[in-house]
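Colleague: I have a structure here, written as structure tokens, and I will follow up with some questions on it.
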There are 2 protein chains.
Amino acid sequence: MTQTIAVIGGTGKLGSALAWRLARAGQRVIIGSRTAESAAAKAAALGHGLTGMTNADAAAAADVVFVTVPFAAQEATLGEIGAHVSGKIVVETTVPLMPPKVTRVQLPAEGSAAARAQGLLGEGVRLVSAFHNVAAHKLAEDITVECDILVFGDDKDARTEVIALVEAIGLRGLHGGALVNSAAAEAMTSLLIFINKTYQVDGAGIRITGAMTPPA
Amino acid sequence: MTQTIAVIGGTGKLGSALAWRLARAGQRVIIGSRTAESAAAKAAALGHGLTGMTNADAAAAADVVFVTVPFAAQEATLGEIGAHVSGKIVVETTVPLMPPKVTRVQLPAEGSAAARAQGLLGEGVRLVSAFHNVAAHKLAEDITVECDILVFGDDKDARTEVIALVEAIGLRGLHGGALVNSAAAEAMTSLLIFINKTYQVDGAGIRITGAMTPPA
């Protein structure tokens, strides 16, 4: 099913890579940025029919809204789009990395960046969180990425829709349960950065092992 | 190197499995339990030269002390052994599962069960945490277990010693960084239980992906 997908903060590394993969998978994708000019420039550079708008305009035009900004920009960015996402699926990818100690787990007072987003956007949004653990530079290449995408949210149908998008861009998506469980994947990111440094890994990822039966 | 290893709470599923694997790997292993009788009975049942004592006696006799008890028993158990572990490596395996909602991440106020243990035991103990994500019933079988063991602790040398034990019992151990990072693996356990239920998995585990160079 073709949908219109906004990628807020889509000029960044993760956002660009997601936008590119989603567009190649046949979705109508809008890059959102603070200025329409930088969004349009990135969209043109990525090709595949991508367009660019301000974050607010992109969110308003979309059916599904991905948020791909650093933790420090989360609150301001959600403020820009909050009026335009009521009833929509919002896919938060924010990880609570707090430089300079990015190899240490530092979960926010709300328990997770996802819980913080739900608090900022309110209950009228179908909030899902995902894509915490995947290395952006791997997602940006036309390769198989060895990383499962754990998908969290209190709205199971919203999770299922996001998992379909994950599969459409060539990755395995797994239900991770309630939004509160996002803390596990968010914390894992600091650990993966530690492992990248300690073992000189070019973008460690995670795989969940065990034979799985798709849920009914 | 042969050491004497106590497995506190060693009559439980995880403790028994660890004790059995460590003994088969040539270590002198003592099962600890609340009563010497139940410890001795479990040790006899497991074979491989295992012995059994009270938790306190086992901790006192050991070079390295594994703690394998449920979260609800953590505080009382650490109270039993606290006087006998000064200067020793204590390997905490406790996961903050709080029944009945074991599929939801519920980290304790201290941030992790490992941080809670450090607070209870004090700074005189070389605290390491590990074995949060491995399914006990798989560890108890003579099979290859598809799960990496993430090892946390502020004492890098202590982590390295524990990783050597992990490798000795046939698993891959990875440095996970500071003790605070234990939150990532502890939270992941609730997620794995959710995945077991949702996808009918017989003991999901995790693998860290990416080519690794051992640290110098």
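Following the order of the structure tokens, chains are lettered A, B, ..., residues in each are numbered from 1, and ligands are numbered from 1.
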Residues of chain B were defined as contacting chain A if any atom lay at most 8 Å from it, counting only C-alpha atoms; please report them as number ranges by chain.

Modeller: B: 103-105, 146-147, 175-178, 180-181, 183-188, 190-191, 194-195, 198-215

Colleague: Please produce a file of those selected residues containing C-alpha atoms, as a PDB file, in the first residue's frame.

Modeller:
```pdb
ATOM      1  CA  THR B 103       7.048  -8.892  29.582  1.00  0.00           C
ATOM      2  CA  ARG B 104       7.307  -5.199  30.526  1.00  0.00           C
ATOM      3  CA  VAL B 105      10.588  -3.423  31.196  1.00  0.00           C
ATOM      4  CA  GLU B 146      22.781 -19.044  20.326  1.00  0.00           C
ATOM      5  CA  CYS B 147      23.198 -16.134  22.718  1.00  0.00           C
ATOM      6  CA  HIS B 175      32.611  -6.453  27.092  1.00  0.00           C
ATOM      7  CA  GLY B 176      29.488  -4.345  27.585  1.00  0.00           C
ATOM      8  CA  GLY B 177      31.171  -1.490  29.392  1.00  0.00           C
ATOM      9  CA  ALA B 178      30.455   0.160  32.705  1.00  0.00           C
ATOM     10  CA  VAL B 180      25.514   1.271  34.447  1.00  0.00           C
ATOM     11  CA  ASN B 181      25.176  -0.351  31.005  1.00  0.00           C
ATOM     12  CA  ALA B 183      20.403  -1.767  32.298  1.00  0.00           C
ATOM     13  CA  ALA B 184      20.453  -2.539  28.574  1.00  0.00           C
ATOM     14  CA  ALA B 185      20.786  -6.308  29.012  1.00  0.00           C
ATOM     15  CA  GLU B 186      18.468  -6.412  32.025  1.00  0.00           C
ATOM     16  CA  ALA B 187      15.748  -4.583  30.090  1.00  0.00           C
ATOM     17  CA  MET B 188      16.327  -6.824  27.094  1.00  0.00           C
ATOM     18  CA  SER B 190      11.683  -8.579  29.482  1.00  0.00           C
ATOM     19  CA  LEU B 191      11.704  -8.031  25.752  1.00  0.00           C
ATOM     20  CA  PHE B 194       7.673 -10.876  25.265  1.00  0.00           C
ATOM     21  CA  ILE B 195       9.144 -12.256  22.036  1.00  0.00           C
ATOM     22  CA  THR B 198       4.472 -13.435  20.846  1.00  0.00           C
ATOM     23  CA  TYR B 199       6.429 -15.614  18.411  1.00  0.00           C
ATOM     24  CA  GLN B 200       6.267 -18.919  20.333  1.00  0.00           C
ATOM     25  CA  VAL B 201      10.045 -19.051  20.661  1.00  0.00           C
ATOM     26  CA  ASP B 202      11.668 -21.689  22.859  1.00  0.00           C
ATOM     27  CA  GLY B 203      14.101 -19.330  24.541  1.00  0.00           C
ATOM     28  CA  ALA B 204      15.021 -16.374  22.320  1.00  0.00           C
ATOM     29  CA  GLY B 205      18.508 -14.956  22.744  1.00  0.00           C
ATOM     30  CA  ILE B 206      20.560 -12.109  21.326  1.00  0.00           C
ATOM     31  CA  ARG B 207      23.569 -11.907  19.074  1.00  0.00           C
ATOM     32  CA  ILE B 208      25.652  -8.825  18.472  1.00  0.00           C
ATOM     33  CA  THR B 209      26.455  -8.630  14.755  1.00  0.00           C
ATOM     34  CA  GLY B 210      29.536  -7.247  13.045  1.00  0.00           C
ATOM     35  CA  ALA B 211      33.125  -8.359  12.611  1.00  0.00           C
ATOM     36  CA  MET B 212      35.004  -7.927  15.883  1.00  0.00           C
ATOM     37  CA  THR B 213      38.671  -7.450  16.694  1.00  0.00           C
ATOM     38  CA  PRO B 214      39.549  -8.597  20.242  1.00  0.00           C
ATOM     39  CA  PRO B 215      40.616  -5.653  22.417  1.00  0.00           C
TER      40      PRO B 215
END
```

Colleague: List every residue of segment 31-154 of chain A that DSSP, applied to the backbone of this structure, places in strand (DSSP E), and write the result as a list in words.

Modeller: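 The strand (DSSP E) subset of segment 31-154 of chain A is Ile31, Gly32, Ser33, Thr51, Gly52, Met53, Thr54, Val64, Val65, Phe66, Val67, Ile89, Val90, Val91, Glu92, Arg126, Leu127, Val128, Ser129, Ile149, Leu150, Val151 and Phe152 of chain A.
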
Colleague: Just the selected residues (C-alpha atoms), exported as a compact mmCIF listing (two decimals), in the first residue's frame, please.

Modeller:
```txt
# COMPACT_ATOMS: atom_id res chain seq x y z
CA ILE A 31 11.96 14.95 3.68
CA GLY A 32 11.23 17.36 6.50
CA SER A 33 13.78 19.81 7.83
CA THR A 51 10.38 15.95 -2.10
CA GLY A 52 11.30 18.34 0.69
CA MET A 53 9.33 20.66 2.98
CA THR A 54 9.56 22.20 6.43
CA VAL A 64 2.86 8.29 8.67
CA VAL A 65 5.51 10.47 10.29
CA PHE A 66 9.04 9.28 11.11
CA VAL A 67 10.97 11.41 13.60
CA ILE A 89 1.27 6.91 13.33
CA VAL A 90 4.41 8.66 14.55
CA VAL A 91 7.55 6.51 14.43
CA GLU A 92 10.07 7.80 16.94
CA ARG A 126 -0.38 6.48 17.57
CA LEU A 127 3.18 6.44 18.83
CA VAL A 128 5.58 3.69 17.80
CA SER A 129 9.32 3.57 18.36
CA ILE A 149 14.35 -3.76 14.04
CA LEU A 150 12.54 -3.96 17.37
CA VAL A 151 9.21 -2.14 17.20
CA PHE A 152 7.48 -0.81 20.32
```

Colleague: Between atom CA of Leu97 of chain B and atom CA of Thr93 of chain A, what is the spacing in Å?

Modeller: 25.7 Å

Colleague: Residues within 10 Å of Leu22 of chain A, please, as a ChimeraX atom specification. Count only C-alpha atoms; anything in the same chain fewer than 3 positions from it doesn't count.

Modeller: /A:5,7,16-19,25-29,48,50,165-166,168-170

Colleague: Using only N, CA and C atoms, please write the residues we just selected to a file, as a PDB file, in the first residue's frame.

Modeller:
```
ATOM      1  N   ILE A   5       4.745   9.347   3.448  1.00  0.00           N
ATOM      2  CA  ILE A   5       5.544   9.229   4.663  1.00  0.00           C
ATOM      3  C   ILE A   5       6.443  10.451   4.792  1.00  0.00           C
ATOM      4  N   VAL A   7       9.612  12.162   6.729  1.00  0.00           N
ATOM      5  CA  VAL A   7      10.777  11.845   7.550  1.00  0.00           C
ATOM      6  C   VAL A   7      11.293  13.160   8.127  1.00  0.00           C
ATOM      7  N   SER A  16      17.912  10.361   6.242  1.00  0.00           N
ATOM      8  CA  SER A  16      18.183  10.251   4.809  1.00  0.00           C
ATOM      9  C   SER A  16      18.145   8.803   4.349  1.00  0.00           C
ATOM     10  N   ALA A  17      18.760   7.947   5.135  1.00  0.00           N
ATOM     11  CA  ALA A  17      18.827   6.532   4.762  1.00  0.00           C
ATOM     12  C   ALA A  17      17.432   5.908   4.768  1.00  0.00           C
ATOM     13  N   LEU A  18      16.636   6.228   5.764  1.00  0.00           N
ATOM     14  CA  LEU A  18      15.270   5.698   5.821  1.00  0.00           C
ATOM     15  C   LEU A  18      14.440   6.228   4.652  1.00  0.00           C
ATOM     16  N   ALA A  19      14.559   7.531   4.387  1.00  0.00           N
ATOM     17  CA  ALA A  19      13.783   8.133   3.297  1.00  0.00           C
ATOM     18  C   ALA A  19      14.130   7.472   1.965  1.00  0.00           C
ATOM     19  N   ALA A  25      11.257   1.657  -2.065  1.00  0.00           N
ATOM     20  CA  ALA A  25      10.247   0.613  -1.867  1.00  0.00           C
ATOM     21  C   ALA A  25       8.874   1.056  -2.382  1.00  0.00           C
ATOM     22  N   GLY A  26       8.818   2.237  -2.999  1.00  0.00           N
ATOM     23  CA  GLY A  26       7.578   2.651  -3.652  1.00  0.00           C
ATOM     24  C   GLY A  26       6.696   3.594  -2.860  1.00  0.00           C
ATOM     25  N   GLN A  27       7.149   4.024  -1.708  1.00  0.00           N
ATOM     26  CA  GLN A  27       6.363   4.972  -0.920  1.00  0.00           C
ATOM     27  C   GLN A  27       6.598   6.409  -1.422  1.00  0.00           C
ATOM     28  N   ARG A  28       5.584   7.264  -1.187  1.00  0.00           N
ATOM     29  CA  ARG A  28       5.761   8.710  -1.440  1.00  0.00           C
ATOM     30  C   ARG A  28       6.413   9.292  -0.191  1.00  0.00           C
ATOM     31  N   VAL A  29       7.608   9.789  -0.326  1.00  0.00           N
ATOM     32  CA  VAL A  29       8.351  10.201   0.862  1.00  0.00           C
ATOM     33  C   VAL A  29       8.698  11.690   0.801  1.00  0.00           C
ATOM     34  N   HIS A  48      14.787   9.389  -6.519  1.00  0.00           N
ATOM     35  CA  HIS A  48      13.660   8.476  -6.271  1.00  0.00           C
ATOM     36  C   HIS A  48      12.354   9.211  -5.960  1.00  0.00           C
ATOM     37  N   LEU A  50      11.731  11.830  -4.240  1.00  0.00           N
ATOM     38  CA  LEU A  50      11.609  12.475  -2.931  1.00  0.00           C
ATOM     39  C   LEU A  50      11.360  13.969  -3.073  1.00  0.00           C
ATOM     40  N   LEU A 165       6.354  -1.785   6.981  1.00  0.00           N
ATOM     41  CA  LEU A 165       7.300  -0.854   6.341  1.00  0.00           C
ATOM     42  C   LEU A 165       8.740  -1.323   6.526  1.00  0.00           C
ATOM     43  N   VAL A 166       9.049  -1.841   7.710  1.00  0.00           N
ATOM     44  CA  VAL A 166      10.394  -2.363   7.978  1.00  0.00           C
ATOM     45  C   VAL A 166      10.724  -3.483   6.991  1.00  0.00           C
ATOM     46  N   ALA A 168       9.337  -3.969   4.133  1.00  0.00           N
ATOM     47  CA  ALA A 168       9.367  -3.430   2.767  1.00  0.00           C
ATOM     48  C   ALA A 168      10.731  -2.845   2.422  1.00  0.00           C
ATOM     49  N   ILE A 169      11.460  -2.377   3.421  1.00  0.00           N
ATOM     50  CA  ILE A 169      12.790  -1.827   3.132  1.00  0.00           C
ATOM     51  C   ILE A 169      13.904  -2.838   3.416  1.00  0.00           C
ATOM     52  N   GLY A 170      13.510  -4.116   3.542  1.00  0.00           N
ATOM     53  CA  GLY A 170      14.511  -5.178   3.526  1.00  0.00           C
ATOM     54  C   GLY A 170      15.084  -5.599   4.863  1.00  0.00           C
TER      55      GLY A 170
END
```
